[in-house]
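These notes are about the structure you will find just below.
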Amino acid sequence: MFKLTSNNKYLESAFLYAQKYNSFQLREQLSEKKALDLAINNKTLINRYDELKSRYLDATNNYHNSTEKNDVNYIKSKNLFLSFSDSLQNVFPKFKVLKKKIDVISISQIQSKLDNQSALINYFVGDSNVYIFCVYKNDFTYFRFEYNQEFKDNLTSYISILSNDIKPGTNIDSLEQSFIFAAHYLYERLIKNPTDKASIKNLIIVPDGLLYRIPFEALLSEKINSWKDPSKYLITKYDTRYLYYCEQLNQNTPFTKSLDGYLGMGLEYDKYTLDEMKNYKQDTIPSWISEKFRSESLSHLYFADDEVISISKIFPGKHFVNLEATKSNFINNAQNYDILHLSAHSFVDFDQPEKTSVVLTKSDAKTNNLLSLEDVLHLNLHSQLVTLSSCNSASGKILEGEGISSLSKTFFEAGSSSVLGSCWSVSDEITKMFMESFYKKLKMGMEKDQALRETKLDMIAMDNDKINPAYKIPPYWAAWVIYGNDAPIYEKPAYIRYLLYSLLSAFVIILAYVIAKHKLSQA
């Protein structure tokens with residue numbers, strides 16, 4: 001209808017429709033939490049609701065995944081939860097209304113959050129076309145291109161090359177040229193038109209479908225001779241942040257410290273844990289994870305514990321390393337900290353996303369040391385930042401109408417306001433260097449997305465001789481993406497504020513002097 005009438009109301013309707021299908025299940029879960037807090041505001045009742053729901057989810061999961069169907073436990077837990085939920089809705093009618101309210105944000109509301117240098121780009125991947133809705137401070141438009149096999153092939157190539165386990169010394173000539181072609185092709189389709197306005201410097205990206213698996217910062221505005229040349233990557237021109245859905249713009253509130261500081265967990269993996277993970281045990285270790293430990297020769301992460309300890313010197317708090325990096329220690333402490341940092345092996349199950357897990361220390365044969373998506377969902381987090389310094393933590397199965405099912409997204413659903421994760425596997429040595437730089441920039445008072453961008457730019461800078469040149473290619477620096485609230489988690493130090501005020505004052509004085517001198521010369 002918009003093409004026939006040029007009436008913007010049809011374009012806005014299409015945009016609102018697309019919004020409804022961005023991370024629908026995630027927003028439904030968050031809506032339920034909000035409804036409990038606003039309508040009931042009774043900790044005892046809320047805890048009881050969460051407890052019964054957790055039992056119901058556990059029973060449902062066991063029922064569908066077990067060969068022996070336990071009808072009694074499943075039906076009992078289902079009836080208890082639904083009965084309690086119904087009673088809450090009868091006593092608190094507002095809970096029933098708010099629970100079903102899935103908010104969308106209007107174009108004018110988005111524009112009120114933007115400045116003249118920012119653009120919100122919301123992608124919608126349909127069956128035959130990809131739609132790009134672009135909101136600017138004083139404009140709103142859309143673009144469309146065919147979702148054809150050529151685009152799918154280049155998208156798959158881009159993802160595949162970046163996620164390839166490239167070791168220094170590997171012959172990468174063919175990979176390099178294929179990457180350069182795909183990265184420029186995708187830029188032409190996904191970014192060129194939305195960034196056609198010269199004033200745009202900041203991109204707010206809401207992906208859809210397989211676009212959740214790509215870091216836009218590594219797209220190329222022009223073809224280059226070597227992927228070590230950083231000059232044409234998107235990251236050199238734009239500050240990029242990611243949202244699971246547009247309404248997150250309303251949640252970008254400044255950080256106010258309310259909890260303890262930093263909780264870090266990292267483990268090299270002791271021999272007992274590694275040996276146990278290679279042995280399939282139905283009750284505690286799924287066969288597919290055991291197979292990965294055997295077939296991929298997964299072993300020690302020699303820099304993981306050093307990474308966690310190093311960051312604890314930047315942001316004081318508590319850390320558990322090696323034998324103390326257990327599932328119970330994480331679950332018992334996670335809700336008390338503003339910053340959570342996990343450095344460990346993690347595995348994505350693309351067939352059964354709920355089995356995606358972080359592997360922590362296994363203290364004995366009966367201990368379940370896998371932190372699953374279900375475990376994370378049961379946490380009641382209030383953290384400002386979760387960093388998942390583990391393989392593929394921002395990757396996962398793409399679900400229709402929901403987007404990606406990943407560890408990163410699940411931590412967001414559990415209550416964290418922002419989550420940093422990786423789209424593929426990265427060397428633990430380079431990750432340690434990367435994370436130290438990122439946290440130092442956070443401590444300077446930078447916004448989260450700015451700190452991440454500056455860390456990447458430092459890594460690929462041609463004159464940075466601290467980084468092995470072999471690590472200056474996108475598979476090493478582009479893996480990390482952050483979703484959610486980008487507000488700083490640390491106030492800028494007083495001396496930096498003083499320096500900025502001093503420079504501003506000096507500029508005003510000099511400007512006044514120049515203007516006065518100019519007027520005198522004219523007189």
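In the structure tokens, each chain is lettered A, B, ... as it comes, each chain's residues begin at 1, and ligands are numbered from 1 in order of appearance.
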
For stretch 223-232 of chain A, work out the shell of residues within 7 Å, counting only C-alpha atoms and skipping chain neighbours fewer than 5 positions away, then give it as a tab-separated table (two decimals) with N, CA and C atoms, in the first residue's frame.
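Produced file part38.tsv, reproduced below:
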chain	number	residue	atom	x	y	z
A	176	GLU	N	41.04	-15.31	2.21
A	176	GLU	CA	41.14	-13.85	2.24
A	176	GLU	C	40.34	-13.22	1.10
A	180	ILE	N	36.90	-10.92	1.33
A	180	ILE	CA	36.85	-9.54	0.82
A	180	ILE	C	35.66	-9.37	-0.12
A	184	HIS	N	32.29	-7.08	1.04
A	184	HIS	CA	31.87	-5.90	0.25
A	184	HIS	C	30.48	-6.11	-0.34
A	460	ILE	N	43.64	-3.64	15.51
A	460	ILE	CA	43.94	-3.70	14.07
A	460	ILE	C	44.79	-2.53	13.59
A	472	LYS	N	45.67	-9.61	13.17
A	472	LYS	CA	45.01	-8.37	12.77
A	472	LYS	C	43.92	-8.58	11.73
A	473	ILE	N	43.55	-9.83	11.50
A	473	ILE	CA	42.51	-10.14	10.52
A	473	ILE	C	41.17	-10.35	11.24

Inset, instruction - Run DSSP on the backbone and give me the residues of stretch 305-407 of chain A it puts in strand (DSSP E), as number ranges by chain. - result: A: 317-321, 337-343, 345-347, 357-359, 370-372, 385-389, 396-399, 403-406

Legend entry - Non-local contacts of A:Val135 (8 Å; only C-alpha atoms; under 6 positions in same chain excluded) as a VMD selection string: chain A and resid 107 110 to 111 119 to 121 141

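Near A:Val359, within 7 Å and counting only C-alpha atoms, sit Ala344, His345, Ser346, Asn369, Leu370 and Leu371 of chain A; same-chain residues fewer than 5 positions away were not included.
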
Those selected residues, please, written with N, CA, C and O atoms and delivered as an mmCIF file, in the first residue's frame.
data_model
loop_
_atom_site.group_PDB
_atom_site.id
_atom_site.type_symbol
_atom_site.label_atom_id
_atom_site.label_comp_id
_atom_site.auth_asym_id
_atom_site.auth_seq_id
_atom_site.Cartn_x
_atom_site.Cartn_y
_atom_site.Cartn_z
ATOM 1 N N ALA A 344 35.467 -19.603 29.840
ATOM 2 C CA ALA A 344 35.362 -21.064 29.883
ATOM 3 C C ALA A 344 35.018 -21.592 28.496
ATOM 4 O O ALA A 344 34.780 -20.836 27.556
ATOM 5 N N HIS A 345 34.975 -22.925 28.373
ATOM 6 C CA HIS A 345 34.450 -23.551 27.156
ATOM 7 C C HIS A 345 32.920 -23.442 27.175
ATOM 8 O O HIS A 345 32.289 -23.631 28.222
ATOM 9 N N SER A 346 32.330 -23.153 26.025
ATOM 10 C CA SER A 346 30.870 -23.235 25.907
ATOM 11 C C SER A 346 30.530 -23.917 24.591
ATOM 12 O O SER A 346 31.300 -23.857 23.629
ATOM 13 N N ASN A 369 28.150 -30.143 36.062
ATOM 14 C CA ASN A 369 28.968 -28.938 35.919
ATOM 15 C C ASN A 369 28.628 -28.136 34.674
ATOM 16 O O ASN A 369 29.364 -27.230 34.280
ATOM 17 N N LEU A 370 27.483 -28.447 34.031
ATOM 18 C CA LEU A 370 27.084 -27.738 32.817
ATOM 19 C C LEU A 370 26.065 -26.650 33.156
ATOM 20 O O LEU A 370 24.964 -26.937 33.639
ATOM 21 N N LEU A 371 26.445 -25.400 32.911
ATOM 22 C CA LEU A 371 25.532 -24.273 33.114
ATOM 23 C C LEU A 371 24.728 -24.107 31.833
ATOM 24 O O LEU A 371 25.221 -23.591 30.826
#

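With only C-alpha atoms as the atoms that count, the minimum distance from A:Leu211 to the choices A:Phe15, A:Tyr242, A:Tyr136, A:Phe412 is reached by A:Tyr242.
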